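Engineer: This is my_file-v2.txt (compact mmCIF, C-alpha atoms and all ligand atoms).
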# COMPACT_ATOMS: atom_id res chain seq x y z
CA MET A 1 -94.26 3.38 41.14
CA LYS A 2 -92.07 0.64 41.41
CA THR A 3 -91.09 -2.30 42.94
CA THR A 4 -87.79 -2.91 42.41
CA HIS A 5 -84.52 -3.01 42.96
CA GLN A 6 -83.75 -0.68 40.45
CA ALA A 7 -82.17 2.42 41.58
CA THR A 8 -82.77 5.08 39.10
CA GLU A 9 -81.68 8.62 39.32
CA THR A 10 -83.24 11.43 37.48
CA PRO A 11 -80.76 14.10 36.57
CA ARG A 12 -81.74 16.91 38.84
CA PRO A 13 -84.62 18.16 36.73
CA PRO A 14 -85.18 21.85 36.24
CA ALA A 15 -86.90 23.46 39.17
CA ALA A 16 -90.25 23.65 37.46
CA LEU A 17 -90.17 19.93 36.90
CA ALA A 18 -88.53 18.93 40.13
CA ARG A 19 -91.74 18.94 42.09
CA LEU A 20 -93.45 16.64 39.63
CA ALA A 21 -90.46 14.38 39.48
CA ARG A 22 -90.45 14.16 43.23
CA LEU A 23 -94.07 13.23 43.26
CA GLY A 24 -93.12 10.33 41.10
CA CYS A 25 -90.34 9.43 43.45
CA LEU A 26 -92.55 9.86 46.44
CA PHE A 27 -94.44 6.82 45.47
CA ALA A 28 -91.14 5.12 45.09
CA ALA A 29 -90.09 6.38 48.47
CA VAL A 30 -92.75 4.13 49.86
CA SER A 31 -90.90 1.34 48.22
CA LEU A 32 -87.64 2.76 49.37
CA VAL A 33 -85.76 2.76 46.19
CA ALA A 34 -85.81 5.68 43.85
CA CYS A 35 -87.94 5.84 40.78
CA GLY A 36 -88.25 2.53 39.12
CA PRO A 37 -90.51 0.22 37.27
CA THR A 38 -93.78 -1.25 38.25
CA PRO A 39 -94.32 -4.87 37.49
CA ASP A 40 -96.30 -4.86 34.30
CA THR A 41 -96.37 -8.42 33.18
CA PRO A 42 -99.08 -10.84 34.20
CA ALA A 43 -98.02 -13.49 36.60
CA SER A 44 -97.86 -17.03 35.52
CA ASP A 45 -98.67 -19.92 37.72
CA GLY A 46 -95.59 -22.03 37.49
CA SER A 47 -95.96 -24.36 40.38
CA SER A 48 -93.93 -27.44 40.01
CA ASP A 49 -91.92 -29.64 42.23
CA SER A 50 -90.65 -28.58 45.57
CA GLY A 51 -88.08 -30.00 47.84
CA ALA A 52 -85.66 -29.28 50.57
CA ASN A 53 -82.56 -30.83 49.19
CA ARG A 54 -79.65 -29.00 50.62
CA GLY A 55 -76.42 -29.36 48.83
CA ALA A 56 -73.53 -27.46 47.49
CA ASP A 57 -73.21 -25.95 44.07
CA ALA A 58 -70.44 -27.23 41.96
CA ALA A 59 -67.28 -25.24 42.22
CA SER A 60 -67.10 -22.62 39.55
CA GLY A 61 -63.58 -21.42 39.94
CA ALA A 62 -64.77 -18.13 38.53
CA ASP A 63 -62.81 -14.98 38.98
CA GLY A 64 -64.18 -13.06 41.89
CA VAL A 65 -64.91 -16.09 43.97
CA ASP A 66 -62.31 -17.03 46.51
CA ALA A 67 -63.67 -20.49 46.80
CA ILE A 68 -66.87 -22.41 46.64
CA SER A 69 -66.98 -25.39 48.89
CA ASP A 70 -69.33 -28.00 50.14
CA ASP A 71 -72.34 -27.37 52.27
CA ALA A 72 -71.03 -25.56 55.29
CA ALA A 73 -74.05 -26.03 57.50
CA GLY A 74 -73.10 -26.88 61.00
CA HIS A 75 -69.38 -26.69 60.46
CA ASP A 76 -66.93 -24.26 61.89
CA VAL A 77 -65.44 -22.66 58.84
CA SER A 78 -64.07 -19.57 60.49
CA ALA A 79 -60.67 -20.41 59.06
CA GLY A 80 -62.08 -21.42 55.70
CA PRO A 81 -62.62 -19.51 52.48
CA ARG A 82 -64.12 -16.05 52.51
CA LEU A 83 -67.07 -17.10 50.43
CA VAL A 84 -69.13 -20.28 50.49
CA HIS A 85 -72.16 -20.80 48.28
CA VAL A 86 -74.85 -23.11 49.66
CA THR A 87 -77.97 -24.22 47.83
CA LEU A 88 -81.15 -24.59 49.83
CA GLY A 89 -83.09 -26.29 47.05
CA ASP A 90 -86.39 -25.68 45.30
CA HIS A 91 -89.34 -24.46 47.30
CA LYS A 92 -92.98 -23.97 46.43
CA THR A 93 -94.92 -20.87 47.39
CA LEU A 94 -98.48 -21.55 48.47
CA ALA A 95 -101.72 -19.65 47.94
CA ASP A 96 -100.56 -16.92 50.31
CA GLY A 97 -97.44 -16.44 48.20
CA ARG A 98 -95.19 -17.72 50.95
CA THR A 99 -92.99 -20.76 51.16
CA ALA A 100 -92.90 -22.88 54.28
CA ASP A 101 -89.95 -22.28 56.60
CA ILE A 102 -86.62 -22.95 54.90
CA ALA A 103 -84.10 -23.91 57.55
CA PHE A 104 -80.36 -23.37 57.46
CA ASP A 105 -77.45 -23.11 59.87
CA LEU A 106 -74.99 -20.27 59.97
CA PRO A 107 -71.47 -21.53 60.69
CA VAL A 108 -69.19 -19.87 63.19
CA GLY A 109 -67.29 -17.02 61.61
CA VAL A 110 -69.91 -16.08 59.02
CA THR A 111 -70.87 -12.47 59.64
CA ALA A 112 -72.69 -11.69 56.41
CA ILE A 113 -74.92 -13.57 54.02
CA VAL A 114 -76.64 -12.93 50.74
CA VAL A 115 -79.93 -14.76 50.28
CA ARG A 116 -80.56 -15.47 46.62
CA VAL A 117 -84.00 -16.30 45.17
CA GLU A 118 -84.51 -17.22 41.53
CA GLY A 119 -87.66 -18.19 39.66
CA ASP A 120 -90.24 -17.22 37.06
CA PRO A 121 -89.06 -13.94 35.48
CA ALA A 122 -92.62 -12.62 35.43
CA LEU A 123 -92.86 -12.71 39.23
CA HIS A 124 -91.27 -10.64 41.96
CA TYR A 125 -89.56 -12.04 45.04
CA ILE A 126 -88.86 -10.76 48.51
CA LEU A 127 -88.42 -12.38 51.92
CA ALA A 128 -91.51 -12.82 54.07
CA SER A 129 -89.36 -13.50 57.15
CA LEU A 130 -85.87 -14.32 58.35
CA GLU A 131 -85.54 -15.49 61.92
CA ARG A 132 -83.03 -16.97 64.28
CA ASP A 133 -84.24 -19.81 66.38
CA ALA A 134 -83.44 -17.80 69.46
CA GLY A 135 -86.47 -15.73 68.52
CA PHE A 136 -84.72 -12.80 66.95
CA SER A 137 -86.13 -11.63 63.64
CA LEU A 138 -83.92 -10.05 61.03
CA ILE A 139 -87.05 -9.72 58.91
CA PRO A 140 -90.19 -9.70 61.07
CA LYS A 141 -92.75 -12.16 59.82
CA ALA A 142 -95.63 -9.70 60.18
CA TRP A 143 -94.20 -7.06 57.89
CA LEU A 144 -96.11 -8.17 54.80
CA ASP A 145 -99.38 -7.96 56.66
CA GLN A 146 -98.64 -4.38 57.61
CA ALA A 147 -97.09 -3.09 54.42
CA PRO A 148 -99.29 -1.32 51.85
CA VAL A 149 -97.27 -2.94 49.06
CA PRO A 150 -94.81 -5.83 49.07
CA ASP A 151 -92.27 -3.99 46.96
CA ALA A 152 -89.87 -3.31 49.78
CA CYS A 153 -89.56 -3.54 53.53
CA VAL A 154 -88.60 -0.15 54.89
CA THR A 155 -89.83 0.86 58.30
CA PRO A 156 -90.38 -2.59 59.84
CA CYS A 157 -87.01 -3.79 58.58
CA ALA A 158 -83.88 -2.23 60.00
CA ASN A 159 -82.18 -4.43 57.43
CA ARG A 160 -83.86 -3.03 54.35
CA MET A 161 -84.68 -5.08 51.31
CA ALA A 162 -86.35 -4.51 47.97
CA ALA A 163 -88.23 -7.01 45.82
CA GLN A 164 -86.85 -7.91 42.42
CA PRO A 165 -88.30 -9.74 39.41
CA GLY A 166 -86.96 -13.07 38.27
CA ALA A 167 -84.01 -13.14 40.60
CA ALA A 168 -83.53 -11.30 43.86
CA ALA A 169 -80.67 -10.94 46.33
CA PHE A 170 -80.79 -9.71 49.92
CA LEU A 171 -77.71 -8.77 51.95
CA PHE A 172 -77.61 -9.28 55.73
CA PRO A 173 -76.59 -7.25 57.57
CA ASN A 174 -76.76 -3.99 55.66
CA THR A 175 -76.90 -1.96 58.86
CA PRO A 176 -75.15 -2.21 62.23
CA LEU A 177 -78.59 -2.33 63.84
CA VAL A 178 -78.73 -6.09 63.23
CA ASP A 179 -76.07 -8.74 63.41
CA LEU A 180 -75.66 -12.32 62.39
CA ARG A 181 -74.85 -15.07 64.85
CA PRO A 182 -74.04 -18.73 64.34
CA GLY A 183 -76.77 -21.31 64.58
CA PRO A 184 -80.13 -22.31 63.17
CA HIS A 185 -82.12 -19.86 61.09
CA ARG A 186 -85.22 -20.05 58.96
CA LEU A 187 -86.56 -17.92 56.18
CA ARG A 188 -89.63 -17.70 54.01
CA VAL A 189 -89.81 -16.36 50.47
CA TYR A 190 -92.78 -14.36 49.19
CA ALA A 191 -93.70 -14.29 45.50
CA PHE A 192 -96.10 -11.80 43.95
CA ASP A 193 -97.35 -10.94 40.51
CA ALA A 194 -97.73 -7.77 38.47
CA LYS A 195 -100.89 -6.89 40.37
CA ARG A 196 -99.07 -7.37 43.67
CA GLN A 197 -101.10 -10.44 44.41
CA PRO A 198 -99.50 -13.52 46.02
CA ALA A 199 -98.30 -16.03 43.46
CA GLN A 200 -97.93 -19.79 43.55
CA THR A 201 -94.68 -20.84 41.98
CA THR A 202 -91.42 -22.63 42.64
CA VAL A 203 -88.26 -20.76 43.57
CA GLN A 204 -84.65 -21.78 43.91
CA VAL A 205 -83.06 -20.51 47.09
CA SER A 206 -79.39 -20.33 47.91
CA LEU A 207 -77.00 -18.50 50.22
CA ASP A 208 -73.65 -16.87 49.93
CA LEU A 209 -71.90 -17.10 53.29
CA VAL A 210 -69.25 -14.43 53.81
CA ARG A 211 -66.48 -14.48 56.39
CA PRO A 212 -64.68 -11.26 57.18
CA ARG A 213 -61.26 -10.58 55.81
CA ALA A 214 -58.91 -7.65 55.97
CA PRO A 215 -56.69 -8.33 53.01
CA PRO A 216 -53.39 -6.45 53.01
CA GLY A 217 -53.93 -5.29 49.46
CA GLY A 218 -57.57 -4.33 49.88
CA TRP A 219 -60.24 -5.45 47.47
CA ARG A 220 -60.71 -5.56 43.77
CA LEU A 221 -63.91 -5.65 41.78
CA PRO A 222 -63.63 -7.12 38.27
CA VAL A 223 -65.51 -4.97 35.75
CA ASN A 224 -66.67 -5.65 32.21
CA LEU A 225 -67.27 -2.38 30.36
CA CYS A 226 -70.00 -3.40 27.92
CA LEU A 227 -69.93 -1.17 24.86
CA THR A 228 -73.09 -0.82 22.80
CA GLY A 229 -71.46 1.46 20.24
CA ALA A 230 -73.02 4.53 21.82
CA MET A 231 -70.87 7.65 21.32
CA GLY A 232 -68.84 5.63 18.83
CA TRP A 233 -67.14 3.83 21.71
CA ASN A 234 -66.25 0.20 21.24
CA ALA A 235 -64.08 -2.39 22.90
CA GLY A 236 -61.13 -1.33 20.82
CA ASN A 237 -61.20 2.42 21.43
CA ALA A 238 -63.11 2.91 24.68
CA LEU A 239 -60.04 3.24 26.88
CA ASP A 240 -58.70 5.89 24.52
CA GLN A 241 -61.70 8.13 25.19
CA PRO A 242 -60.70 10.94 27.55
CA ARG A 243 -64.23 11.27 28.93
CA LEU A 244 -64.47 7.58 29.80
CA VAL A 245 -60.98 7.47 31.24
CA ALA A 246 -61.78 10.50 33.40
CA ALA A 247 -64.99 8.84 34.57
CA LEU A 248 -63.15 5.65 35.52
CA VAL A 249 -60.57 7.67 37.45
CA THR A 250 -63.37 9.49 39.28
CA ALA A 251 -65.17 6.24 40.11
CA GLN A 252 -61.92 4.74 41.37
CA GLN A 253 -61.28 7.78 43.54
CA LEU A 254 -64.77 7.65 45.01
CA LEU A 255 -64.47 3.95 45.86
CA ALA A 256 -60.88 4.22 47.13
CA PRO A 257 -61.89 5.04 50.74
CA ALA A 258 -63.50 1.58 50.83
CA GLY A 259 -60.27 0.03 49.62
CA ILE A 260 -62.01 -1.14 46.45
CA ALA A 261 -60.22 -1.00 43.11
CA LEU A 262 -61.85 -1.65 39.76
CA ASP A 263 -59.54 -4.39 38.55
CA PRO A 264 -59.36 -5.73 35.98
CA ILE A 265 -61.32 -3.44 33.66
CA ARG A 266 -62.18 -5.33 30.51
CA THR A 267 -63.84 -3.84 27.44
CA VAL A 268 -66.29 -5.91 25.44
CA ASN A 269 -68.73 -5.21 22.63
CA VAL A 270 -72.40 -6.05 23.15
CA SER A 271 -75.45 -5.66 20.94
CA ALA A 272 -76.01 -2.22 19.42
CA LYS A 273 -79.66 -2.65 20.30
CA GLY A 274 -78.63 -1.62 23.78
CA GLN A 275 -77.89 1.95 22.79
CA TYR A 276 -81.39 3.17 23.52
CA ILE A 277 -83.25 1.78 26.52
CA ALA A 278 -86.89 2.79 26.29
CA SER A 279 -88.49 0.08 28.44
CA GLN A 280 -87.46 -1.42 31.74
CA HIS A 281 -90.23 -3.82 32.69
CA GLY A 282 -90.63 -7.44 31.88
CA PRO A 283 -88.48 -10.08 30.29
CA ASP A 284 -88.80 -8.54 26.82
CA SER A 285 -87.96 -5.00 27.86
CA ASP A 286 -84.97 -3.16 26.45
CA LEU A 287 -83.29 -3.14 29.83
CA MET A 288 -83.60 -6.87 30.38
CA GLN A 289 -82.34 -7.52 26.87
CA LEU A 290 -79.42 -5.21 27.54
CA PHE A 291 -78.47 -7.11 30.69
CA LEU A 292 -78.92 -10.45 28.90
CA SER A 293 -76.44 -9.30 26.25
CA GLY A 294 -73.74 -9.73 28.89
CA ASP A 295 -74.22 -13.48 28.91
CA GLY A 296 -71.00 -15.40 28.54
CA LEU A 297 -68.67 -12.64 29.72
CA PRO A 298 -65.98 -13.36 32.31
CA ASN A 299 -67.00 -13.08 35.94
CA GLY A 300 -67.29 -9.39 36.69
CA LEU A 301 -69.74 -6.57 37.18
CA ASN A 302 -71.15 -5.72 33.77
CA VAL A 303 -71.23 -1.94 33.30
CA PHE A 304 -73.37 -1.22 30.25
CA LEU A 305 -72.70 2.08 28.49
CA THR A 306 -75.81 3.15 26.63
CA GLU A 307 -76.67 6.32 24.79
CA ARG A 308 -79.61 6.85 27.12
CA VAL A 309 -81.99 5.13 29.45
CA VAL A 310 -85.36 6.79 29.18
CA ALA A 311 -87.07 7.39 32.49
CA VAL A 312 -90.30 5.50 33.01
CA GLY A 313 -93.08 8.01 32.55
CA GLY A 314 -90.37 10.48 31.80
CA LEU A 315 -91.08 14.16 31.80
CA PRO A 316 -90.02 16.32 28.89
CA GLY A 317 -86.59 17.67 29.64
CA ALA A 318 -86.04 15.34 32.51
CA ASN A 319 -86.49 12.00 30.91
CA VAL A 320 -83.02 10.54 31.04
CA VAL A 321 -82.02 8.22 33.83
CA LEU A 322 -78.37 8.75 34.66
CA GLY A 323 -77.93 5.18 35.69
CA LEU A 324 -79.54 2.21 37.29
CA ALA A 325 -78.52 -0.98 38.99
CA GLY A 326 -79.96 -4.43 38.45
CA GLY A 327 -80.26 -5.04 42.16
CA ILE A 328 -79.54 -3.86 45.70
CA PRO A 329 -77.45 -5.90 45.88
CA GLY A 330 -76.93 -7.45 42.47
CA LEU A 331 -76.86 -11.21 42.24
CA PRO A 332 -73.45 -12.22 43.57
CA ASN A 333 -71.04 -13.50 40.97
CA SER A 334 -73.78 -13.88 38.38
CA VAL A 335 -73.10 -12.69 34.83
CA GLY A 336 -75.60 -12.54 32.00
CA HIS A 337 -78.86 -12.93 33.89
CA ALA A 338 -81.64 -10.44 33.10
CA ARG A 339 -80.80 -8.58 36.32
CA ASP A 340 -77.04 -8.65 36.05
CA GLY A 341 -75.27 -5.35 35.73
CA ILE A 342 -75.59 -1.62 35.87
CA ALA A 343 -76.54 0.66 32.99
CA LEU A 344 -75.25 4.18 32.51
CA SER A 345 -76.56 6.86 30.14
CA LEU A 346 -73.80 8.59 28.22
CA VAL A 347 -75.89 11.48 26.94
CA VAL A 348 -75.55 14.68 28.91
CA PRO A 349 -78.78 16.67 28.66
CA PRO A 350 -78.42 20.36 27.85
CA GLY A 351 -77.56 22.38 30.91
CA GLN A 352 -76.51 19.33 32.90
CA THR A 353 -73.06 18.52 34.24
CA ASP A 354 -71.34 15.33 33.18
CA VAL A 355 -71.44 13.06 36.23
CA LEU A 356 -70.61 9.77 34.53
CA GLY A 357 -67.90 8.81 37.03
CA HIS A 358 -70.02 9.71 40.05
CA THR A 359 -72.96 7.80 38.63
CA MET A 360 -70.79 4.77 37.95
CA ALA A 361 -69.56 4.72 41.57
CA HIS A 362 -73.09 5.31 42.87
CA GLU A 363 -74.56 2.40 40.90
CA ILE A 364 -71.67 0.16 41.93
CA GLY A 365 -72.56 1.11 45.50
CA HIS A 366 -76.10 -0.14 44.90
CA TYR A 367 -74.83 -3.31 43.29
CA LEU A 368 -72.64 -4.06 46.30
CA GLY A 369 -75.59 -3.55 48.65
CA LEU A 370 -76.05 0.13 49.48
CA PHE A 371 -79.47 1.77 49.53
CA HIS A 372 -79.82 5.51 49.10
CA ALA A 373 -78.64 7.44 52.14
CA SER A 374 -81.76 9.57 51.61
CA GLU A 375 -84.60 9.32 49.17
CA ALA A 376 -86.23 12.35 47.58
CA LYS A 377 -88.48 14.23 49.96
CA SER A 378 -92.18 13.78 49.58
CA ALA A 379 -94.53 16.61 48.77
CA SER A 380 -95.13 16.99 52.49
CA GLY A 381 -91.45 17.47 53.05
CA SER A 382 -90.80 14.20 54.81
CA GLY A 383 -88.02 11.98 53.60
CA VAL A 384 -86.88 8.40 53.91
CA HIS A 385 -83.36 7.83 55.13
CA ASP A 386 -81.23 4.76 55.49
CA THR A 387 -80.72 2.94 58.77
CA LEU A 388 -77.02 3.67 59.02
CA PRO A 389 -76.17 5.78 62.08
CA ASP A 390 -73.38 7.72 60.43
CA THR A 391 -75.07 9.13 57.33
CA LEU A 392 -76.74 12.51 57.58
CA PRO A 393 -80.31 13.02 56.36
CA ASP A 394 -80.66 14.79 53.03
CA ASP A 395 -76.94 15.11 52.55
CA PRO A 396 -76.22 15.68 48.84
CA THR A 397 -72.50 15.17 49.48
CA ASN A 398 -73.06 11.48 50.20
CA LEU A 399 -72.29 9.30 47.19
CA MET A 400 -75.56 7.42 47.79
CA PHE A 401 -77.80 10.50 47.90
CA TRP A 402 -80.79 9.88 45.64
CA SER A 403 -79.74 12.55 43.16
CA VAL A 404 -76.20 12.32 41.93
CA GLY A 405 -74.14 15.45 41.45
CA THR A 406 -70.46 16.24 41.48
CA GLN A 407 -70.73 17.02 45.17
CA ALA A 408 -71.78 13.41 45.91
CA THR A 409 -68.43 12.09 47.02
CA LYS A 410 -68.63 10.77 50.58
CA LEU A 411 -68.97 7.25 51.90
CA SER A 412 -69.54 6.78 55.61
CA HIS A 413 -67.73 4.18 57.69
CA GLU A 414 -70.85 2.03 57.87
CA GLN A 415 -71.49 2.32 54.14
CA ILE A 416 -67.96 1.05 53.58
CA GLN A 417 -68.60 -1.90 55.91
CA VAL A 418 -71.70 -2.83 53.90
CA MET A 419 -69.82 -2.73 50.61
CA ARG A 420 -66.99 -4.87 51.96
CA ARG A 421 -69.42 -7.69 52.70
CA SER A 422 -70.18 -8.15 49.03
CA PRO A 423 -69.39 -11.56 47.59
CA TRP A 424 -68.36 -9.72 44.44
CA LEU A 425 -65.14 -8.46 46.01
CA VAL A 426 -61.89 -10.31 45.55
CA ALA A 427 -59.31 -10.08 48.30
CA VAL A 428 -55.92 -8.73 47.21
CA PRO A 429 -53.10 -10.45 49.09
ZN ZN B 1 -79.38 5.37 43.27
Using structure tokens, write down the structure that the file contains.
Structural biologist:
Amino acid sequence: MKTTHQATETPRPPAALARLARLGCLFAAVSLVACGPTPDTPASDGSSDSGANRGADAASGADGVDAISDDAAGHDVSAGPRLVHVTLGDHKTLADGRTADIAFDLPVGVTAIVVRVEGDPALHYILASLERDAGFSLIPKAWLDQAPVPDACVTPCANRMAAQPGAAAFLFPNTPLVDLRPGPHRLRVYAFDAKRQPAQTTVQVSLDLVRPRAPPGGWRLPVNLCLTGAMGWNAGNALDQPRLVAALVTAQQLLAPAGIALDPIRTVNVSAKGQYIASQHGPDSDLMQLFLSGDGLPNGLNVFLTERVVAVGGLPGANVVLGLAGGIPGLPNSVGHARDGIALSLVVPPGQTDVLGHTMAHEIGHYLGLFHASEAKSASGSGVHDTLPDTLPDDPTNLMFWSVGTQATKLSHEQIQVMRRSPWLVAVP
């Protein structure tokens, strides 16, 4: 079972194995995201200082960020930059795992935010509540008391969210069922350990405030293709590989309806240790080390090309994960953190179709904020579907269906709206 934020797809296992695989995913369906890791590292008690200093991060000037300005709280910035990053300071979680209320103001014109929580990599983070002062809850404060596990908020939260270890990001809104309005808000963070027990620690909280834009040239998403040497591909020859070029063309075509272009596409070499990803949990896992190998790269979504990512508890014959994303969404404009990037398996198991391009677009969809349109059905036949009104249940033609095949090509209007809120996107004039 899993907690995370990792969206993993098993490659349509043979029929005899499909039922077992779905049982595995069923547990995950409780946590909303597909099959993924369970926290397996003991929690540490890292309580330290707390505070409520609210200030602005220093401007980074990084590619992919229109602008980073001063604290925008209380100011009308509707005519200002598309993206403003605001720090909300360090906050201590108490014995119940929750911080006290963290207050912030949403300026006029901001219609989307990403809440970012960073802390001890051995702990998981999710929001305990997010409320407007007018009494409207984007995340109802009682959800943790009702949920069997804190891994994700599904049914009580129209705006879904999934916990992540070490660093977590939460996009609002990710459904038209909720909206953001200007004015005072308050949130609480919840931290829990590997045993899903509340943890006392200190977290850093910040916001990305997003104002809508309709750029004439659409959007571009900078991409770093991170080559591990798998398949003999490296930074020098990767874009000469017909299979990779075809996959990039497919991914571009699938994202084109959203007006999103992968641009620029850089190729970089990373550690060859990343060719085989056998573990996904904890700071020392292969997956975390793979993501960390992207440290120092230019601002962009790191797309790691590995020989294979082995499924957790993998079944013989169905033990390769096509791809996974470091977050739903990934940390905005963060490169080189242990959660930063997506990983794609290049191996094509016998009898399987090559869906590298579809998987790439699917994982990018997660990284920009999309949950699965539908999760795998449980043994009882019931399924979990997203809260978007224009995606059909159990539709394998949707790009964000839990199992990726060549027929997974569609993005709904609302899915496109979610993706366009991502701080990762750069407006093209
Ligand atoms: Zn997925």
Engineer: Report as a ChimeraX atom specification all protein, DNA and RNA residues lying within 10 Å of range 256-270 of chain A, evaluated on all atoms listed in the file, omitting residues in the same chain fewer than 4 positions from it.
Structural biologist: /A:215,217-229,233-239,248-252,274-275,290-295,297-298,300-305,410-413,415-420,425-428
Engineer: Those same residues, written as a PDB file, in the coordinates of the input with C-alpha atoms?
Structural biologist:
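Written output follows (result.pdb):
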ATOM      1  CA  PRO A 215     -56.690  -8.330  53.010  1.00  0.00           C
ATOM      2  CA  GLY A 217     -53.930  -5.290  49.460  1.00  0.00           C
ATOM      3  CA  GLY A 218     -57.570  -4.330  49.880  1.00  0.00           C
ATOM      4  CA  TRP A 219     -60.240  -5.450  47.470  1.00  0.00           C
ATOM      5  CA  ARG A 220     -60.710  -5.560  43.770  1.00  0.00           C
ATOM      6  CA  LEU A 221     -63.910  -5.650  41.780  1.00  0.00           C
ATOM      7  CA  PRO A 222     -63.630  -7.120  38.270  1.00  0.00           C
ATOM      8  CA  VAL A 223     -65.510  -4.970  35.750  1.00  0.00           C
ATOM      9  CA  ASN A 224     -66.670  -5.650  32.210  1.00  0.00           C
ATOM     10  CA  LEU A 225     -67.270  -2.380  30.360  1.00  0.00           C
ATOM     11  CA  CYS A 226     -70.000  -3.400  27.920  1.00  0.00           C
ATOM     12  CA  LEU A 227     -69.930  -1.170  24.860  1.00  0.00           C
ATOM     13  CA  THR A 228     -73.090  -0.820  22.800  1.00  0.00           C
ATOM     14  CA  GLY A 229     -71.460   1.460  20.240  1.00  0.00           C
ATOM     15  CA  TRP A 233     -67.140   3.830  21.710  1.00  0.00           C
ATOM     16  CA  ASN A 234     -66.250   0.200  21.240  1.00  0.00           C
ATOM     17  CA  ALA A 235     -64.080  -2.390  22.900  1.00  0.00           C
ATOM     18  CA  GLY A 236     -61.130  -1.330  20.820  1.00  0.00           C
ATOM     19  CA  ASN A 237     -61.200   2.420  21.430  1.00  0.00           C
ATOM     20  CA  ALA A 238     -63.110   2.910  24.680  1.00  0.00           C
ATOM     21  CA  LEU A 239     -60.040   3.240  26.880  1.00  0.00           C
ATOM     22  CA  LEU A 248     -63.150   5.650  35.520  1.00  0.00           C
ATOM     23  CA  VAL A 249     -60.570   7.670  37.450  1.00  0.00           C
ATOM     24  CA  THR A 250     -63.370   9.490  39.280  1.00  0.00           C
ATOM     25  CA  ALA A 251     -65.170   6.240  40.110  1.00  0.00           C
ATOM     26  CA  GLN A 252     -61.920   4.740  41.370  1.00  0.00           C
ATOM     27  CA  GLY A 274     -78.630  -1.620  23.780  1.00  0.00           C
ATOM     28  CA  GLN A 275     -77.890   1.950  22.790  1.00  0.00           C
ATOM     29  CA  LEU A 290     -79.420  -5.210  27.540  1.00  0.00           C
ATOM     30  CA  PHE A 291     -78.470  -7.110  30.690  1.00  0.00           C
ATOM     31  CA  LEU A 292     -78.920 -10.450  28.900  1.00  0.00           C
ATOM     32  CA  SER A 293     -76.440  -9.300  26.250  1.00  0.00           C
ATOM     33  CA  GLY A 294     -73.740  -9.730  28.890  1.00  0.00           C
ATOM     34  CA  ASP A 295     -74.220 -13.480  28.910  1.00  0.00           C
ATOM     35  CA  LEU A 297     -68.670 -12.640  29.720  1.00  0.00           C
ATOM     36  CA  PRO A 298     -65.980 -13.360  32.310  1.00  0.00           C
ATOM     37  CA  GLY A 300     -67.290  -9.390  36.690  1.00  0.00           C
ATOM     38  CA  LEU A 301     -69.740  -6.570  37.180  1.00  0.00           C
ATOM     39  CA  ASN A 302     -71.150  -5.720  33.770  1.00  0.00           C
ATOM     40  CA  VAL A 303     -71.230  -1.940  33.300  1.00  0.00           C
ATOM     41  CA  PHE A 304     -73.370  -1.220  30.250  1.00  0.00           C
ATOM     42  CA  LEU A 305     -72.700   2.080  28.490  1.00  0.00           C
ATOM     43  CA  LYS A 410     -68.630  10.770  50.580  1.00  0.00           C
ATOM     44  CA  LEU A 411     -68.970   7.250  51.900  1.00  0.00           C
ATOM     45  CA  SER A 412     -69.540   6.780  55.610  1.00  0.00           C
ATOM     46  CA  HIS A 413     -67.730   4.180  57.690  1.00  0.00           C
ATOM     47  CA  GLN A 415     -71.490   2.320  54.140  1.00  0.00           C
ATOM     48  CA  ILE A 416     -67.960   1.050  53.580  1.00  0.00           C
ATOM     49  CA  GLN A 417     -68.600  -1.900  55.910  1.00  0.00           C
ATOM     50  CA  VAL A 418     -71.700  -2.830  53.900  1.00  0.00           C
ATOM     51  CA  MET A 419     -69.820  -2.730  50.610  1.00  0.00           C
ATOM     52  CA  ARG A 420     -66.990  -4.870  51.960  1.00  0.00           C
ATOM     53  CA  LEU A 425     -65.140  -8.460  46.010  1.00  0.00           C
ATOM     54  CA  VAL A 426     -61.890 -10.310  45.550  1.00  0.00           C
ATOM     55  CA  ALA A 427     -59.310 -10.080  48.300  1.00  0.00           C
ATOM     56  CA  VAL A 428     -55.920  -8.730  47.210  1.00  0.00           C
TER      57      VAL A 428
END
Engineer: Which residues are close to Pro150 in chain A, i.e. within 9 Å by all atoms listed in the file, leaving aside same-chain residues fewer than 4 positions away? Reply as a PyMOL selection string.
Structural biologist: chain A and resi 3+31+126+143-144+162-163+190+192+196
Engineer: Work out how far apart CA of Ala361 in chain A and CA of Ser403 in chain A are and give it in Å to one decimal.
Structural biologist: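 That distance, rounded to one decimal, is 12.9 Å.
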Engineer: Using only C-alpha atoms and all ligand atoms, which residue out of A:Gln146, A:Gln407, A:Asn398, A:Thr306 lies closest to ligand ZN 1 (chain B)?
Structural biologist: A:Asn398
Engineer: For a cut-off of 9 Å around (-82.3, -9.9, 49.5), file coordinates, pick out all residues using only C-alpha atoms and list them as a VMD selection string.
Structural biologist: chain A and resid 114 to 117 125 to 127 160 to 164 168 to 172 328 to 329
Engineer: Grab the CA of Thr391 in chain A to CA of Pro176 in chain A distance for me, in Å with one decimal place.
Structural biologist: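 Going from CA of Thr391 in chain A over to CA of Pro176 in chain A, I get 12.4 Å.
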Engineer: Name the residues in contact with range 120-124 of chain A at a cut-off of 6 Å, using only C-alpha atoms, excluding same-chain residues fewer than 5 positions from it; report them as JSON, numbers by chain.
Structural biologist: {"A": [43, 164, 165, 166, 191, 192, 193]}
Engineer: Restricting the calculation to all atoms listed in the file, which member of A:Ala167, A:Leu331, A:Met400, A:Ile342 is positioned closest to ligand ZN 1 (chain B)?
Structural biologist: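 Smallest distance to ligand ZN 1 (chain B) is found for A:Met400.
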